[in-house]
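> Provided herewith is a single structure, encoded as structure tokens, for subsequent inquiry.
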Amino acid sequence: MTEISFYHLLHTPLERALPKLIEKVLESGARAVIRTGSTERAEALNGALWTFDQDSFVPHGTALDGNAPLQPVWITPHEENPNGADILVLTDGAESAEVANYRRCLEMFDGRDEAAVADARRRWKAYKDAAHELTYWQQTEGGGWEKKA
């Protein structure tokens, strides 16, 4: 079964929290697909990964960049894994019917959006019913994460 971790954003937006998690994914030697709600959102996150820290480099790309198989991180609104990723990151309420094809899935949701929280609860229940291993991380005021369940 896939290990699924929910990341409850409370203090910083996705654009600031995602890069730090992606750095950890890359440090572990893994590859990732970041699934977004739209092409526009994919390009916005693409820009965020280029500019979040002038002293950091997170190699990644989108359909506009091309060369998907060479990208350690691929950002897309589509159900695809063109870079052979073993980590799936779901943002913007995006869902995947292929979660079981990944070693790990990171579900990131905005805790200040009631609809996003309700959707996350629904997905948690569905994953639990499917016998996935679940963990819940809540964002701290300093921008870090505290494991809650």
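A note on labels: chains of the structure tokens are A, B, ... as shown, every chain counts residues from 1, and ligands are counted from 1 in their shown order.
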What's the 10 Å shell around Phe109 (chain A), counting only C-alpha atoms, without same-chain residues fewer than 2 positions away, as a list in words?
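Here the qualifying residues turn out to be Phe6, Tyr7, His8, Leu9, Leu10, Pro13, Leu14, Leu90, Thr91, Asp92, Gly93, Ala94, Leu106, Glu107, Gly111, Arg112, Asp113, Ala115, Ala116, Val117, Asp119 and Ala120 of chain A.
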> Please list as a PyMOL selection string every residue within 7 Å of Gly143 (chain A), counting only C-alpha atoms and excluding residues in the same chain fewer than 3 positions away.
chain A and resi 11-12+139-140
> Take the selection from the previous step and output its residues with N, CA and C atoms, as a PDB file, in the first residue's frame.

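The result, stored in selection.pdb:
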```
ATOM      1  N   HIS A  11      -0.232  28.371   8.026  1.00  0.00           N
ATOM      2  CA  HIS A  11       0.457  29.642   8.239  1.00  0.00           C
ATOM      3  C   HIS A  11       1.133  30.202   6.995  1.00  0.00           C
ATOM      4  N   THR A  12       1.464  29.376   6.043  1.00  0.00           N
ATOM      5  CA  THR A  12       2.069  29.858   4.799  1.00  0.00           C
ATOM      6  C   THR A  12       1.338  29.224   3.623  1.00  0.00           C
ATOM      7  N   GLN A 139       0.954  22.219   9.889  1.00  0.00           N
ATOM      8  CA  GLN A 139       1.973  23.249   9.772  1.00  0.00           C
ATOM      9  C   GLN A 139       2.067  24.048  11.071  1.00  0.00           C
ATOM     10  N   THR A 140       3.305  24.306  11.507  1.00  0.00           N
ATOM     11  CA  THR A 140       3.535  25.110  12.708  1.00  0.00           C
ATOM     12  C   THR A 140       3.694  26.580  12.304  1.00  0.00           C
TER      13      THR A 140
END
```
> Rounded to one decimal in Å, what is the spacing between CA of Gly66 (chain A) and CA of Thr36 (chain A)?
17.0 Å
> Quick one: pull the distance between CA of Gly142 (chain A) and CA of Arg16 (chain A), Å, one decimal.
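A separation of 11.9 Å between them.
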> CA of Asn46 (chain A) and CA of Tyr127 (chain A) are how many Å apart?
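Calculated distance between CA of Asn46 (chain A) and CA of Tyr127 (chain A) is 28.1 Å.
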> Give me the residues near Lys20 (chain A) as a PDB file with C-alpha atoms, in the first residue's frame, where near means some atom within 10 Å (using only C-alpha atoms) and where sequence neighbours in that chain fewer than 6 positions away do not count.

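result12.pdb, freshly written:
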```
ATOM      1  CA  LEU A  49      10.105  26.670  -7.372  1.00  0.00           C
ATOM      2  CA  PHE A  52      11.622  30.638  -3.578  1.00  0.00           C
ATOM      3  CA  ASP A  53      15.265  30.866  -2.470  1.00  0.00           C
ATOM      4  CA  VAL A  58      15.169  22.562  -7.325  1.00  0.00           C
ATOM      5  CA  GLY A 143       6.582  27.002   8.763  1.00  0.00           C
ATOM      6  CA  GLY A 144       7.685  23.546   9.902  1.00  0.00           C
TER       7      GLY A 144
END
```
> Using DSSP assignments from the backbone, pull out every residue in chain A that falls under strand (DSSP E) and give it to me as JSON, numbers by chain.
{"A": [3, 4, 5, 6, 7, 8, 9, 32, 33, 34, 35, 73, 74, 75, 76, 87, 88, 89, 90, 104, 105, 106, 107, 108, 109, 110, 133, 134, 135, 136, 137, 138, 139, 145, 146, 147]}
> Just want the 7 Å neighbourhood of Arg103 (chain A), counted on only C-alpha atoms, with same-chain residues fewer than 2 positions away dropped. Output as a CSV table (one decimal) with C-alpha atoms, in the first residue's frame.

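Wrote selection-v5.csv, looks like this:
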```csv
chain,number,residue,atom,x,y,z
A,2,THR,CA,1.0,3.6,-0.6
A,3,GLU,CA,2.1,5.7,2.4
A,86,ASP,CA,7.8,7.4,-6.9
A,87,ILE,CA,6.3,10.3,-5.0
A,101,ASN,CA,1.3,3.3,-8.3
```
> Out of chain A, which residues get alpha helix (DSSP H) from DSSP, as number ranges by chain?
A: 14-27, 39-51, 114-129
> For the selection you just gave me, I'd like the residues written to a file as a short mmCIF file (atom, residue, chain, number, x, y, z; two decimals), in the first residue's frame, keeping C-alpha atoms.

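Result went into selection-v1.cif, see below:
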```cif
data_model
loop_
_atom_site.label_atom_id
_atom_site.label_comp_id
_atom_site.auth_asym_id
_atom_site.auth_seq_id
_atom_site.Cartn_x
_atom_site.Cartn_y
_atom_site.Cartn_z
CA LEU A 14 1.45 26.31 -0.82
CA GLU A 15 3.93 28.34 -2.89
CA ARG A 16 6.13 28.81 0.19
CA ALA A 17 5.62 25.41 1.85
CA LEU A 18 5.94 23.16 -1.21
CA PRO A 19 9.56 24.00 -2.14
CA LYS A 20 10.89 22.87 1.25
CA LEU A 21 9.07 19.53 0.99
CA ILE A 22 10.29 19.03 -2.58
CA GLU A 23 13.87 19.70 -1.45
CA LYS A 24 13.47 16.86 1.08
CA VAL A 25 12.07 14.57 -1.62
CA LEU A 26 15.08 15.25 -3.83
CA GLU A 27 17.54 14.87 -0.93
CA THR A 39 -2.23 24.32 -16.30
CA GLU A 40 -2.09 27.88 -14.99
CA ARG A 41 -1.50 26.63 -11.45
CA ALA A 42 1.24 24.27 -12.70
CA GLU A 43 3.04 27.23 -14.27
CA ALA A 44 2.58 29.33 -11.10
CA LEU A 45 4.17 26.57 -8.99
CA ASN A 46 6.90 26.23 -11.63
CA GLY A 47 7.72 29.90 -11.06
CA ALA A 48 7.55 29.50 -7.29
CA LEU A 49 10.10 26.67 -7.37
CA TRP A 50 12.49 28.82 -9.44
CA THR A 51 12.27 31.83 -7.15
CA GLU A 114 -13.41 25.04 4.59
CA ALA A 115 -14.11 23.29 1.29
CA ALA A 116 -10.48 22.13 1.04
CA VAL A 117 -10.62 20.78 4.60
CA ALA A 118 -13.87 18.92 3.88
CA ASP A 119 -12.36 17.43 0.71
CA ALA A 120 -9.25 16.36 2.64
CA ARG A 121 -11.41 14.63 5.24
CA ARG A 122 -13.31 12.81 2.48
CA ARG A 123 -10.06 11.67 0.84
CA TRP A 124 -8.63 10.59 4.23
CA LYS A 125 -11.65 8.33 4.76
CA ALA A 126 -11.40 6.89 1.24
CA TYR A 127 -7.68 6.17 1.66
CA LYS A 128 -8.28 4.61 5.07
CA ASP A 129 -11.04 2.41 3.63
#
```
